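Enquirer: Next up, input15.cif (mmCIF, C-alpha atoms).
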```cif
data_protein
#
loop_
_atom_site.label_atom_id
_atom_site.label_comp_id
_atom_site.auth_asym_id
_atom_site.auth_seq_id
_atom_site.Cartn_x
_atom_site.Cartn_y
_atom_site.Cartn_z
CA MET A 30 32.65 -67.20 -41.06
CA ILE A 31 34.33 -69.00 -38.17
CA VAL A 32 31.96 -70.28 -35.50
CA PHE A 33 33.16 -71.26 -32.02
CA ASN A 34 31.18 -73.75 -29.98
CA SER A 35 32.14 -72.40 -26.55
CA GLU A 36 33.27 -69.27 -24.77
CA GLU A 37 36.59 -70.90 -23.89
CA GLN A 38 37.33 -71.71 -27.53
CA CYS A 39 36.54 -68.11 -28.45
CA LEU A 40 38.94 -66.69 -25.88
CA HIS A 41 41.95 -68.62 -27.20
CA GLN A 42 41.68 -67.28 -30.74
CA SER A 43 44.02 -64.63 -32.02
CA PRO A 44 42.64 -61.15 -32.85
CA THR A 45 43.11 -61.91 -36.56
CA GLU A 46 41.00 -65.05 -36.39
CA PHE A 47 38.48 -63.32 -34.20
CA ASN A 48 38.02 -60.50 -36.71
CA LEU A 49 36.74 -63.06 -39.22
CA PHE A 50 33.48 -63.20 -37.28
CA CYS A 51 32.12 -60.31 -39.23
CA ASP A 52 33.39 -58.54 -42.33
CA GLU A 53 31.64 -55.29 -41.52
CA ILE A 54 32.62 -54.77 -37.86
CA ASP A 55 36.25 -54.38 -36.82
CA TYR A 56 36.85 -56.00 -33.44
CA ASP A 57 39.74 -53.74 -32.45
CA GLU A 58 37.65 -50.64 -33.07
CA PHE A 59 34.71 -52.23 -31.22
CA TYR A 60 36.94 -53.03 -28.25
CA ARG A 61 38.44 -49.53 -28.11
CA THR A 62 34.99 -47.95 -28.27
CA THR A 63 33.74 -50.22 -25.48
CA LEU A 64 36.65 -49.18 -23.24
CA THR A 65 35.95 -45.54 -23.99
CA LEU A 66 32.30 -45.90 -22.96
CA PHE A 67 32.64 -48.18 -19.94
CA GLY A 68 36.21 -47.72 -18.74
CA PRO A 69 39.34 -49.87 -18.63
CA ASP A 70 37.97 -52.27 -16.01
CA VAL A 71 35.88 -54.09 -18.63
CA LYS A 72 37.41 -57.55 -19.17
CA GLU A 73 38.52 -58.31 -22.73
CA HIS A 74 37.16 -61.86 -22.70
CA ASN A 75 33.67 -60.54 -21.91
CA VAL A 76 33.87 -58.08 -24.79
CA LYS A 77 34.95 -60.89 -27.14
CA VAL A 78 32.01 -63.08 -26.14
CA PHE A 79 29.57 -60.19 -26.62
CA PHE A 80 31.15 -59.35 -29.99
CA LYS A 81 30.85 -62.99 -31.09
CA LYS A 82 27.16 -63.02 -30.15
CA ILE A 83 26.17 -59.95 -32.15
CA CYS A 84 28.24 -61.02 -35.18
CA ASN A 85 26.82 -64.52 -35.29
CA ASN A 86 23.26 -63.28 -34.80
CA PRO A 87 22.78 -59.53 -35.34
CA ASP A 88 19.06 -59.87 -34.54
CA ALA A 89 19.64 -61.51 -31.17
CA SER A 90 18.34 -59.80 -28.04
CA THR A 91 21.16 -58.14 -26.09
CA GLU A 92 21.52 -56.29 -22.79
CA TRP A 93 24.22 -53.87 -21.59
CA CYS A 94 25.06 -56.14 -18.67
CA GLU A 95 26.43 -58.70 -21.14
CA ILE A 96 29.46 -56.48 -21.76
CA PHE A 97 30.27 -57.01 -18.08
CA GLY A 98 29.97 -60.78 -18.43
CA TYR A 99 26.38 -61.16 -17.23
CA PHE A 100 24.38 -63.04 -19.87
CA ILE A 101 20.61 -63.36 -19.78
CA GLY A 102 19.45 -66.89 -19.05
CA GLY A 103 16.30 -68.58 -17.85
CA ASN A 104 16.85 -67.38 -14.29
CA GLY A 105 17.93 -63.86 -15.18
CA ALA A 106 21.41 -62.41 -15.64
CA MET A 107 24.14 -64.91 -14.82
CA PRO A 108 27.88 -64.15 -14.69
CA SER A 109 30.19 -65.79 -17.22
CA ARG A 110 33.19 -65.28 -14.92
CA PRO A 111 34.31 -67.67 -12.19
CA GLN A 112 32.24 -67.37 -9.03
CA GLY A 113 35.08 -65.96 -6.95
CA GLU A 114 35.56 -62.92 -9.16
CA SER A 115 34.00 -59.52 -8.55
CA THR A 116 30.55 -58.07 -9.26
CA VAL A 117 29.07 -56.55 -12.39
CA PHE A 118 30.80 -53.28 -11.59
CA LEU A 119 34.11 -55.15 -11.64
CA THR A 120 35.22 -53.93 -8.24
CA SER A 121 38.59 -55.61 -7.81
CA GLU A 122 38.62 -55.45 -4.01
CA LYS A 123 35.91 -55.51 -1.38
CA GLN A 124 36.47 -53.76 1.92
CA GLN A 125 34.32 -53.40 5.01
CA ILE A 126 34.28 -49.88 6.42
CA THR A 127 33.44 -49.30 10.08
CA TYR A 128 32.74 -45.97 11.74
CA PRO A 129 34.22 -45.52 15.23
CA VAL A 130 31.16 -43.56 16.37
CA VAL A 131 28.66 -46.27 15.35
CA LYS A 132 27.80 -48.63 18.20
CA HIS A 133 24.73 -50.23 16.61
CA ARG A 134 23.52 -51.67 13.32
CA ASP A 135 22.95 -48.92 10.77
CA MET A 136 22.34 -48.46 7.05
CA LEU A 137 23.82 -45.97 4.59
CA THR A 138 21.26 -43.79 2.84
CA SER A 139 23.58 -41.83 0.56
CA MET A 140 27.16 -41.82 -0.80
CA VAL A 141 28.45 -38.83 -2.76
CA LYS A 142 31.86 -38.67 -4.41
CA VAL A 143 33.58 -35.27 -4.32
CA PRO A 144 36.11 -35.61 -7.17
CA HIS A 145 38.04 -32.35 -6.76
CA LEU A 146 38.74 -33.16 -3.10
CA ASP A 147 39.15 -36.90 -3.67
CA PHE A 148 36.87 -37.96 -0.84
CA THR A 149 33.39 -39.38 -0.30
CA VAL A 150 30.55 -38.08 1.86
CA THR A 151 28.14 -40.60 3.42
CA SER A 152 25.01 -40.43 5.52
CA SER A 153 23.24 -43.15 7.49
CA GLN A 154 19.69 -43.68 8.65
CA LYS A 155 20.54 -43.19 12.31
CA GLY A 156 22.23 -39.83 11.88
CA VAL A 157 25.89 -40.50 11.14
CA LEU A 158 27.59 -38.17 8.65
CA ALA A 159 31.10 -39.10 7.56
CA ILE A 160 33.96 -38.06 5.27
CA LEU A 161 36.09 -40.88 3.78
CA ASN A 162 39.29 -40.46 1.77
CA ASN A 163 40.15 -42.32 -1.45
CA LYS A 164 41.40 -45.28 0.59
CA MET A 165 38.05 -45.41 2.43
CA LYS A 166 39.58 -44.23 5.69
CA VAL A 167 37.24 -42.21 7.88
CA LEU A 168 38.52 -38.62 8.15
CA ALA A 169 35.67 -37.03 10.10
CA THR A 170 32.31 -38.03 11.53
CA THR A 171 29.46 -36.51 13.47
CA ILE A 172 26.12 -37.75 14.77
CA VAL A 173 23.06 -35.63 14.05
CA LYS A 174 20.76 -35.89 17.04
CA ASP A 175 17.41 -35.99 15.30
CA ALA A 176 14.51 -38.35 15.86
CA ALA A 177 14.07 -38.86 12.10
CA TRP A 178 16.34 -40.71 9.69
CA ILE A 179 18.76 -38.90 7.42
CA ASN A 180 17.52 -39.44 3.86
CA GLY A 181 20.37 -37.97 1.80
CA CYS A 182 23.46 -35.78 1.72
CA ASP A 183 25.74 -33.78 -0.58
CA TYR A 184 28.75 -31.47 -0.46
CA LEU A 185 28.49 -27.67 -0.54
CA THR A 186 31.36 -26.59 -2.78
CA GLN A 187 31.36 -22.89 -1.89
CA LEU A 188 30.81 -23.11 1.87
CA LYS A 189 32.92 -26.28 2.12
CA CYS A 190 30.36 -28.02 4.30
CA VAL A 191 28.15 -31.10 4.12
CA VAL A 192 24.39 -30.77 3.71
CA ALA A 193 21.91 -33.48 4.71
CA VAL A 194 18.13 -33.77 5.02
CA THR A 195 15.86 -35.53 7.49
CA GLU A 196 12.08 -35.64 7.43
CA ARG A 197 11.57 -32.06 8.58
CA THR A 198 15.04 -30.51 8.79
CA VAL A 199 18.03 -29.46 6.71
CA VAL A 200 21.41 -30.06 8.36
CA VAL A 201 24.63 -28.23 7.43
CA TRP A 202 27.77 -29.77 8.94
CA ASP A 203 31.10 -27.95 9.12
CA TYR A 204 33.33 -31.01 9.14
CA LYS A 205 36.47 -28.88 9.58
CA SER A 206 35.33 -27.43 12.90
CA ILE A 207 37.27 -28.19 16.07
CA GLN A 208 33.99 -28.87 17.89
CA LYS A 209 33.40 -32.29 16.36
CA GLN A 210 29.98 -33.05 17.80
CA SER A 211 28.45 -29.57 17.72
CA SER A 212 29.69 -28.25 14.38
CA TYR A 213 26.38 -28.41 12.53
CA VAL A 214 23.34 -26.20 12.21
CA ILE A 215 19.76 -27.34 11.76
CA ILE A 216 17.27 -25.46 9.58
CA LYS A 217 13.68 -26.21 10.56
CA PRO A 218 10.80 -26.70 10.34
CA MET A 219 10.22 -27.76 6.75
CA GLU A 220 6.65 -28.20 5.54
CA ASN A 221 6.80 -31.76 4.16
CA SER A 222 8.98 -34.84 4.57
CA LEU A 223 12.31 -34.30 2.79
CA LEU A 224 13.56 -37.32 0.81
CA CYS A 225 16.59 -36.24 -1.24
CA VAL A 226 19.04 -33.37 -1.66
CA CYS A 227 21.73 -32.15 -4.06
CA THR A 228 23.99 -29.14 -4.58
CA VAL A 229 23.85 -26.88 -7.62
CA THR A 230 27.40 -26.33 -8.89
CA MET A 231 26.68 -23.24 -10.97
CA SER A 232 26.97 -20.70 -8.15
CA ASP A 233 29.56 -18.01 -8.90
CA GLN A 234 29.33 -16.43 -5.44
CA LEU A 235 32.08 -17.63 -3.15
CA ALA A 236 30.02 -17.44 0.03
CA GLU A 237 26.76 -18.95 -1.26
CA ASP A 238 25.51 -22.41 -2.19
CA THR A 239 22.27 -23.36 -3.92
CA ILE A 240 20.54 -26.53 -2.74
CA LEU A 241 17.79 -28.60 -4.39
CA ILE A 242 15.53 -30.76 -2.20
CA GLY A 243 12.73 -33.20 -3.05
CA ASP A 244 9.87 -34.16 -0.71
CA ASP A 245 7.08 -36.71 -0.33
CA LYS A 246 4.41 -34.46 -1.86
CA GLY A 247 6.07 -34.03 -5.26
CA TYR A 248 7.66 -30.64 -4.54
CA VAL A 249 11.21 -29.60 -5.45
CA TYR A 250 12.69 -26.86 -3.25
CA LEU A 251 15.30 -24.25 -4.12
CA LEU A 252 17.22 -23.13 -1.03
CA LYS A 253 20.16 -20.70 -0.96
CA VAL A 254 22.52 -20.82 2.01
CA THR A 255 25.21 -18.21 2.67
CA SER A 256 28.04 -17.91 5.16
CA ASP A 257 26.03 -15.17 6.87
CA HIS A 258 23.21 -17.64 7.48
CA LEU A 259 25.54 -20.12 9.11
CA GLY A 260 27.04 -17.37 11.27
CA MET A 261 23.69 -15.97 12.41
CA LYS A 262 23.75 -17.63 15.82
CA GLN A 263 27.36 -18.40 16.54
CA CYS A 264 27.71 -19.42 20.16
CA LYS A 265 29.83 -17.09 22.22
CA ASP A 266 30.74 -19.95 24.51
CA LYS A 267 33.10 -22.18 22.53
CA LYS A 268 32.46 -25.03 24.93
CA GLN A 269 28.77 -25.03 24.06
CA SER A 270 27.80 -28.48 22.79
CA GLN A 271 24.30 -27.70 21.55
CA ALA A 272 23.64 -27.71 17.79
CA GLN A 273 22.57 -24.38 16.36
CA ILE A 274 18.91 -24.13 15.33
CA LEU A 275 17.93 -21.75 12.52
CA ASP A 276 14.36 -20.86 11.64
CA SER A 277 13.44 -21.83 8.08
CA LYS A 278 11.41 -18.60 7.83
CA ASP A 279 14.68 -16.67 7.77
CA PHE A 280 15.56 -18.29 4.43
CA ASN A 281 14.21 -17.52 0.99
CA ILE A 282 12.89 -20.97 0.04
CA VAL A 283 11.23 -21.45 -3.34
CA LYS A 284 9.29 -24.62 -4.13
CA ARG A 285 7.29 -25.96 -7.06
CA LYS A 286 5.15 -29.07 -7.39
CA LEU A 287 6.58 -31.10 -10.29
CA HIS A 288 5.32 -34.61 -9.49
CA ASP A 289 2.23 -36.27 -8.05
CA ASP A 290 4.17 -38.71 -5.87
CA TRP A 291 7.42 -38.91 -3.88
CA VAL A 292 10.47 -37.17 -5.36
CA LEU A 293 13.00 -40.00 -5.13
CA LYS A 294 16.03 -38.20 -6.54
CA VAL A 295 17.01 -34.68 -7.56
CA LYS A 296 20.28 -33.81 -9.27
CA TYR A 297 21.82 -30.85 -11.04
CA ILE A 298 23.51 -31.81 -14.35
CA SER A 299 26.09 -29.11 -14.99
CA ASP A 300 26.86 -30.33 -18.54
CA LEU A 301 23.26 -29.56 -19.52
CA ASN A 302 22.77 -26.56 -17.22
CA CYS A 303 19.62 -28.34 -16.07
CA PHE A 304 18.29 -30.07 -13.00
CA GLY A 305 16.55 -33.42 -13.07
CA SER A 306 14.04 -34.91 -10.65
CA CYS A 307 12.33 -38.29 -10.71
CA SER A 308 9.31 -39.84 -9.05
CA SER A 309 7.31 -43.05 -8.83
CA ASP A 310 4.56 -41.06 -10.56
CA SER A 311 3.73 -42.68 -13.93
CA ILE A 312 2.57 -39.43 -15.55
CA ARG A 313 5.23 -36.96 -14.52
CA SER A 314 7.95 -39.51 -13.90
CA PHE A 315 10.99 -37.46 -14.85
CA VAL A 316 11.47 -33.69 -15.15
CA LEU A 317 14.47 -32.07 -16.83
CA ASP A 318 14.75 -28.31 -17.22
CA ASP A 319 16.51 -25.10 -16.29
CA ILE A 320 16.68 -24.32 -12.59
CA LYS A 321 14.86 -21.03 -13.32
CA ARG A 322 11.66 -23.03 -13.88
CA LEU A 323 11.40 -23.52 -10.13
CA GLU A 324 10.90 -19.76 -9.75
CA ASP A 325 8.96 -18.64 -12.84
CA ASN A 326 6.40 -21.50 -13.08
CA LEU A 327 6.75 -21.77 -16.85
CA PRO A 328 6.11 -25.24 -18.41
CA VAL A 329 8.84 -27.83 -17.80
CA LYS A 330 10.06 -30.76 -19.90
CA GLU A 331 8.30 -33.83 -18.57
CA PHE A 332 8.74 -37.50 -19.42
CA SER A 333 6.27 -40.26 -18.63
CA VAL A 334 7.53 -43.75 -17.78
CA PRO A 335 5.17 -46.59 -16.74
CA LYS A 336 5.48 -47.36 -13.01
CA GLY A 337 7.64 -44.25 -12.53
CA VAL A 338 11.38 -43.64 -12.20
CA ASN A 339 13.39 -44.60 -9.10
CA ALA A 340 16.81 -43.24 -10.12
CA PHE A 341 18.66 -41.67 -13.04
CA THR A 342 22.12 -40.67 -14.18
CA TYR A 343 23.71 -38.78 -17.08
CA CYS A 344 26.51 -39.98 -19.37
CA GLY A 345 28.31 -37.04 -20.97
CA LYS A 346 30.16 -39.08 -23.59
CA ALA A 347 27.02 -40.72 -24.92
CA LYS A 348 24.81 -37.66 -24.24
CA VAL A 349 22.11 -39.84 -22.73
CA ILE A 350 20.20 -39.92 -19.46
CA VAL A 351 19.40 -43.42 -18.22
CA THR A 352 16.58 -43.91 -15.74
CA GLY A 353 15.88 -46.91 -13.54
CA GLY A 354 12.56 -48.45 -12.55
CA LYS A 355 10.36 -51.30 -13.71
CA TYR A 356 10.83 -49.79 -17.16
CA GLU A 357 14.20 -48.42 -18.24
CA ALA A 358 14.07 -45.16 -20.18
CA TYR A 359 16.81 -43.66 -22.34
CA ILE A 360 16.57 -39.91 -22.90
CA PHE A 361 18.88 -38.86 -25.74
CA LEU A 362 20.13 -35.33 -26.32
CA LYS A 363 20.51 -34.39 -30.00
CA GLU A 364 20.85 -30.85 -31.28
CA SER A 365 19.39 -29.39 -28.07
CA HIS A 366 16.33 -31.68 -28.27
CA PHE A 367 15.49 -34.68 -26.11
CA TYR A 368 14.23 -38.00 -27.45
CA GLN A 369 12.86 -40.79 -25.26
CA ASP A 370 13.06 -44.55 -25.63
CA ILE A 371 11.54 -46.93 -23.06
CA VAL A 372 12.56 -50.56 -22.49
CA LEU A 373 10.92 -53.06 -20.10
CA LEU A 374 13.50 -54.51 -17.72
#
```
In structure tokens, what does this structure look like?
Expert:
Amino acid sequence: MIVFNSEEQCLHQSPTEFNLFCDEIDYDEFYRTTLTLFGPDVKEHNVKVFFKKICNNPDASTEWCEIFGYFIGGNGAMPSRPQGESTVFLTSEKQQITYPVVKHRDMLTSMVKVPHLDFTVTSSQKGVLAILNNKMKVLATTIVKDAAWINGCDYLTQLKCVVAVTERTVVVWDYKSIQKQSSYVIIKPMENSLLCVCTVTMSDQLAEDTILIGDDKGYVYLLKVTSDHLGMKQCKDKKQSQAQILDSKDFNIVKRKLHDDWVLKVKYISDLNCFGSCSSDSIRSFVLDDIKRLEDNLPVKEFSVPKGVNAFTYCGKAKVIVTGGKYEAYIFLKESHFYQDIVLL
């Protein structure tokens, strides 16, 4: 076996020499698989260094961040690339985006990519909703005049509007409206403080969207909004600048308590035909089940993670859900069953 004493020496070897690291693992196949899983932005020299490490010492402790060039040292993960290069996500260019309507310091609370329209929806603490194109140019903005912060947003695919939540209200913004500053409706009051929101993409009715919302008491809400709802109180005076207020009692809102602490994220995973919700609750940290469970109160699939779950995402290629928190949990899907593995970060 050939052993290199430094990363630089490793990088200057030919693929043939490099394949001599290990007789059982083919580097070319390993590299192709890595690109398939993580995308073409992964740098080849980082993959080579990671491959060298596992071949020289198969029992060595490894982390996923090492594939991106961040190797675990005494002070945590340190980049192997030059300091001037980009972050762990390998973003090749950094760009500062400013909103013309923002005259004060603000903070984004949510960013949602809408792939089929090739734009991004954002919300900020102080009430700014915005649509940005693929070049991060602002296409439309509005300011929601609410005393509370906006905690999250998403895109309604059927109604072609933006939905956002504040502490006690649900906001639906028609970003295509000519009336830029009055083209949203507010649904209120809501019982608890709303923390997160997402759209369910399974709706087959053209004029209806299903919305999932999480609150600070551990409840997940199911709210259906139709075009008739949004047209309930259309102003006859087109010059009217007041936002429309809709009573939440006019909506059929279903809720179920799934957690014993804040619901930090809720998301519908169309590949699994399930919704997921996570909480800082250590007992019922993560819930994954059919959306019908919110209405019929049958038992749901629950996963416990020490110190709770702050965020999660699903990878369709690997068929795994990865959660984030003090402990990192991997929930694997195999033959319609879920298996859990927990790792301390």
Enquirer: Might you spell out which residues the PyMOL selection byres ((chain A and resi 193) around 6) would select in the displayed file, as a ChimeraX atom specification?
Expert: /A:181-182,192,194,199-200
Enquirer: Just want the 7 Å neighbourhood of Tyr60 (chain A), counted on only C-alpha atoms, with same-chain residues fewer than 4 positions away dropped. Output as a PyMOL selection string.
Expert: chain A and resi 56+64+76
Enquirer: Taking (37.6, -42.9, 1.7) in the file's coordinates as the center, which residues reach within 12 Å of it, counting all atoms listed in the file, put as a PyMOL selection string?
Expert: chain A and resi 124-128+140-144+146-151+159-169
Enquirer: Residues at most 6 Å from region 312-322 of chain A, counting only C-alpha atoms, excluding those fewer than 4 positions away in the same chain, as a PDB file with C-alpha atoms, in the frame of the given file?
Expert:
```pdb
ATOM      1  CA  HIS A 288       5.320 -34.610  -9.490  1.00  0.00           C
ATOM      2  CA  CYS A 303      19.620 -28.340 -16.070  1.00  0.00           C
ATOM      3  CA  PHE A 304      18.290 -30.070 -13.000  1.00  0.00           C
ATOM      4  CA  GLY A 305      16.550 -33.420 -13.070  1.00  0.00           C
ATOM      5  CA  SER A 306      14.040 -34.910 -10.650  1.00  0.00           C
ATOM      6  CA  CYS A 307      12.330 -38.290 -10.710  1.00  0.00           C
ATOM      7  CA  SER A 308       9.310 -39.840  -9.050  1.00  0.00           C
ATOM      8  CA  ASN A 326       6.400 -21.500 -13.080  1.00  0.00           C
ATOM      9  CA  LEU A 327       6.750 -21.770 -16.850  1.00  0.00           C
ATOM     10  CA  VAL A 329       8.840 -27.830 -17.800  1.00  0.00           C
ATOM     11  CA  LYS A 330      10.060 -30.760 -19.900  1.00  0.00           C
ATOM     12  CA  GLU A 331       8.300 -33.830 -18.570  1.00  0.00           C
ATOM     13  CA  PHE A 332       8.740 -37.500 -19.420  1.00  0.00           C
ATOM     14  CA  SER A 333       6.270 -40.260 -18.630  1.00  0.00           C
ATOM     15  CA  VAL A 334       7.530 -43.750 -17.780  1.00  0.00           C
ATOM     16  CA  GLY A 337       7.640 -44.250 -12.530  1.00  0.00           C
ATOM     17  CA  VAL A 338      11.380 -43.640 -12.200  1.00  0.00           C
TER      18      VAL A 338
END
```
Enquirer: Write out as a ChimeraX atom specification each polymer residue whose atoms come within 12 Å of Pro218 (chain A), counting all atoms listed in the file; drop sequence neighbours fewer than 6 positions from it.
Expert: /A:194-200,274-280,282
Enquirer: Export, as a compact mmCIF listing (two decimals), in the frame of the given file, the selected residues with C-alpha atoms.
Expert:
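That gives us result22.txt:
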```txt
# COMPACT_ATOMS: atom_id res chain seq x y z
CA VAL A 194 18.13 -33.77 5.02
CA THR A 195 15.86 -35.53 7.49
CA GLU A 196 12.08 -35.64 7.43
CA ARG A 197 11.57 -32.06 8.58
CA THR A 198 15.04 -30.51 8.79
CA VAL A 199 18.03 -29.46 6.71
CA VAL A 200 21.41 -30.06 8.36
CA ILE A 274 18.91 -24.13 15.33
CA LEU A 275 17.93 -21.75 12.52
CA ASP A 276 14.36 -20.86 11.64
CA SER A 277 13.44 -21.83 8.08
CA LYS A 278 11.41 -18.60 7.83
CA ASP A 279 14.68 -16.67 7.77
CA PHE A 280 15.56 -18.29 4.43
CA ILE A 282 12.89 -20.97 0.04
```
Enquirer: Residue by residue, what does the PyMOL selection byres ((chain A and resi 241) around 9) grab here? Present the result as number ranges by chain.
Expert: A: 225-229, 239-240, 242-243, 249-253, 295-297, 304
Enquirer: How many Å separate CA of Thr62 (chain A) from CA of Asn302 (chain A)?
Expert: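 CA of Asn302 (chain A) lies at a distance of 27.0 Å from CA of Thr62 (chain A).
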Enquirer: Tell me which protein, DNA and RNA residues are within 9 Å of Leu66 (chain A), counting only C-alpha atoms, leaving out same-chain ones fewer than 4 positions away, and put them as a VMD selection string.
Expert: chain A and resid 61 to 62 346 to 347
Enquirer: Using C-alpha atoms, can you write the selected residues to a file as a CSV table (one decimal), in the coordinates of the input?
Expert:
```
chain,number,residue,atom,x,y,z
A,61,ARG,CA,38.4,-49.5,-28.1
A,62,THR,CA,35.0,-48.0,-28.3
A,346,LYS,CA,30.2,-39.1,-23.6
A,347,ALA,CA,27.0,-40.7,-24.9
```
Enquirer: Between CA of Asp310 (chain A) and CA of Val351 (chain A), what is the distance, to one decimal in Å?
Expert: 16.9 Å
Enquirer: One number please: CA of Trp291 (chain A) to CA of Asp244 (chain A), in Å, one decimal.
Expert: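 Computing the Euclidean distance for CA of Trp291 (chain A) and CA of Asp244 (chain A) yields 6.2 Å.
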Enquirer: I'd like the neighbourhood of region 352-355 of chain A as a PyMOL selection string, where a residue qualifies if any of its atoms comes within 6 Å (using all atoms listed in the file), though same-chain residues fewer than 3 positions away should be ignored.
Expert: chain A and resi 338-341+358
Enquirer: Could you tell me which residues the PyMOL selection byres ((chain A and resi 237) around 10) grabs in this file, written as a VMD selection string?
Expert: chain A and resid 185 to 188 232 to 236 238 to 240 253 to 258
Enquirer: Kindly complete region 325-331 of chain A to all heavy atoms; the output should be written as a PDB file, in the frame of the given file.
Expert:
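For reference, rebuild-v6.pdb as written:
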```pdb
ATOM      1  N   ASP A 325       9.860 -19.377 -11.951  1.00  0.00           N
ATOM      2  CA  ASP A 325       8.960 -18.640 -12.840  1.00  0.00           C
ATOM      3  C   ASP A 325       7.686 -19.401 -13.202  1.00  0.00           C
ATOM      4  O   ASP A 325       6.792 -18.866 -13.840  1.00  0.00           O
ATOM      5  CB  ASP A 325       9.682 -18.212 -14.120  1.00  0.00           C
ATOM      6  CG  ASP A 325      10.269 -19.398 -14.885  1.00  0.00           C
ATOM      7  OD1 ASP A 325       9.786 -20.525 -14.703  1.00  0.00           O
ATOM      8  OD2 ASP A 325      11.215 -19.188 -15.661  1.00  0.00           O
ATOM      9  N   ASN A 326       7.603 -20.689 -12.835  1.00  0.00           N
ATOM     10  CA  ASN A 326       6.400 -21.500 -13.080  1.00  0.00           C
ATOM     11  C   ASN A 326       6.039 -21.658 -14.549  1.00  0.00           C
ATOM     12  O   ASN A 326       4.890 -21.954 -14.884  1.00  0.00           O
ATOM     13  CB  ASN A 326       5.196 -20.917 -12.317  1.00  0.00           C
ATOM     14  CG  ASN A 326       5.294 -21.155 -10.825  1.00  0.00           C
ATOM     15  OD1 ASN A 326       5.771 -22.199 -10.380  1.00  0.00           O
ATOM     16  ND2 ASN A 326       4.868 -20.176 -10.038  1.00  0.00           N
ATOM     17  N   LEU A 327       6.995 -21.476 -15.448  1.00  0.00           N
ATOM     18  CA  LEU A 327       6.750 -21.770 -16.850  1.00  0.00           C
ATOM     19  C   LEU A 327       6.726 -23.287 -17.048  1.00  0.00           C
ATOM     20  O   LEU A 327       7.204 -24.044 -16.197  1.00  0.00           O
ATOM     21  CB  LEU A 327       7.851 -21.141 -17.714  1.00  0.00           C
ATOM     22  CG  LEU A 327       7.866 -19.603 -17.764  1.00  0.00           C
ATOM     23  CD1 LEU A 327       9.059 -19.111 -18.592  1.00  0.00           C
ATOM     24  CD2 LEU A 327       6.570 -19.061 -18.332  1.00  0.00           C
ATOM     25  N   PRO A 328       6.159 -23.782 -18.174  1.00  0.00           N
ATOM     26  CA  PRO A 328       6.110 -25.240 -18.410  1.00  0.00           C
ATOM     27  C   PRO A 328       7.496 -25.872 -18.383  1.00  0.00           C
ATOM     28  O   PRO A 328       8.480 -25.266 -18.806  1.00  0.00           O
ATOM     29  CB  PRO A 328       5.474 -25.339 -19.800  1.00  0.00           C
ATOM     30  CG  PRO A 328       4.691 -24.074 -19.960  1.00  0.00           C
ATOM     31  CD  PRO A 328       5.475 -23.023 -19.242  1.00  0.00           C
ATOM     32  N   VAL A 329       7.578 -27.094 -17.876  1.00  0.00           N
ATOM     33  CA  VAL A 329       8.840 -27.830 -17.800  1.00  0.00           C
ATOM     34  C   VAL A 329       8.793 -29.039 -18.725  1.00  0.00           C
ATOM     35  O   VAL A 329       7.724 -29.489 -19.135  1.00  0.00           O
ATOM     36  CB  VAL A 329       9.121 -28.304 -16.354  1.00  0.00           C
ATOM     37  CG1 VAL A 329       9.331 -27.124 -15.435  1.00  0.00           C
ATOM     38  CG2 VAL A 329       7.990 -29.196 -15.847  1.00  0.00           C
ATOM     39  N   LYS A 330       9.979 -29.544 -19.072  1.00  0.00           N
ATOM     40  CA  LYS A 330      10.060 -30.760 -19.900  1.00  0.00           C
ATOM     41  C   LYS A 330       9.769 -31.958 -19.015  1.00  0.00           C
ATOM     42  O   LYS A 330      10.488 -32.228 -18.056  1.00  0.00           O
ATOM     43  CB  LYS A 330      11.452 -30.874 -20.533  1.00  0.00           C
ATOM     44  CG  LYS A 330      11.841 -29.736 -21.447  1.00  0.00           C
ATOM     45  CD  LYS A 330      13.199 -30.014 -22.070  1.00  0.00           C
ATOM     46  CE  LYS A 330      13.661 -28.851 -22.938  1.00  0.00           C
ATOM     47  NZ  LYS A 330      14.007 -27.651 -22.118  1.00  0.00           N
ATOM     48  N   GLU A 331       8.715 -32.682 -19.346  1.00  0.00           N
ATOM     49  CA  GLU A 331       8.300 -33.830 -18.570  1.00  0.00           C
ATOM     50  C   GLU A 331       8.368 -35.098 -19.406  1.00  0.00           C
ATOM     51  O   GLU A 331       8.114 -35.064 -20.612  1.00  0.00           O
ATOM     52  CB  GLU A 331       6.871 -33.652 -18.049  1.00  0.00           C
ATOM     53  CG  GLU A 331       6.675 -32.449 -17.154  1.00  0.00           C
ATOM     54  CD  GLU A 331       5.217 -32.263 -16.770  1.00  0.00           C
ATOM     55  OE1 GLU A 331       4.363 -32.936 -17.392  1.00  0.00           O
ATOM     56  OE2 GLU A 331       4.928 -31.460 -15.868  1.00  0.00           O
TER      57      GLU A 331
END
```
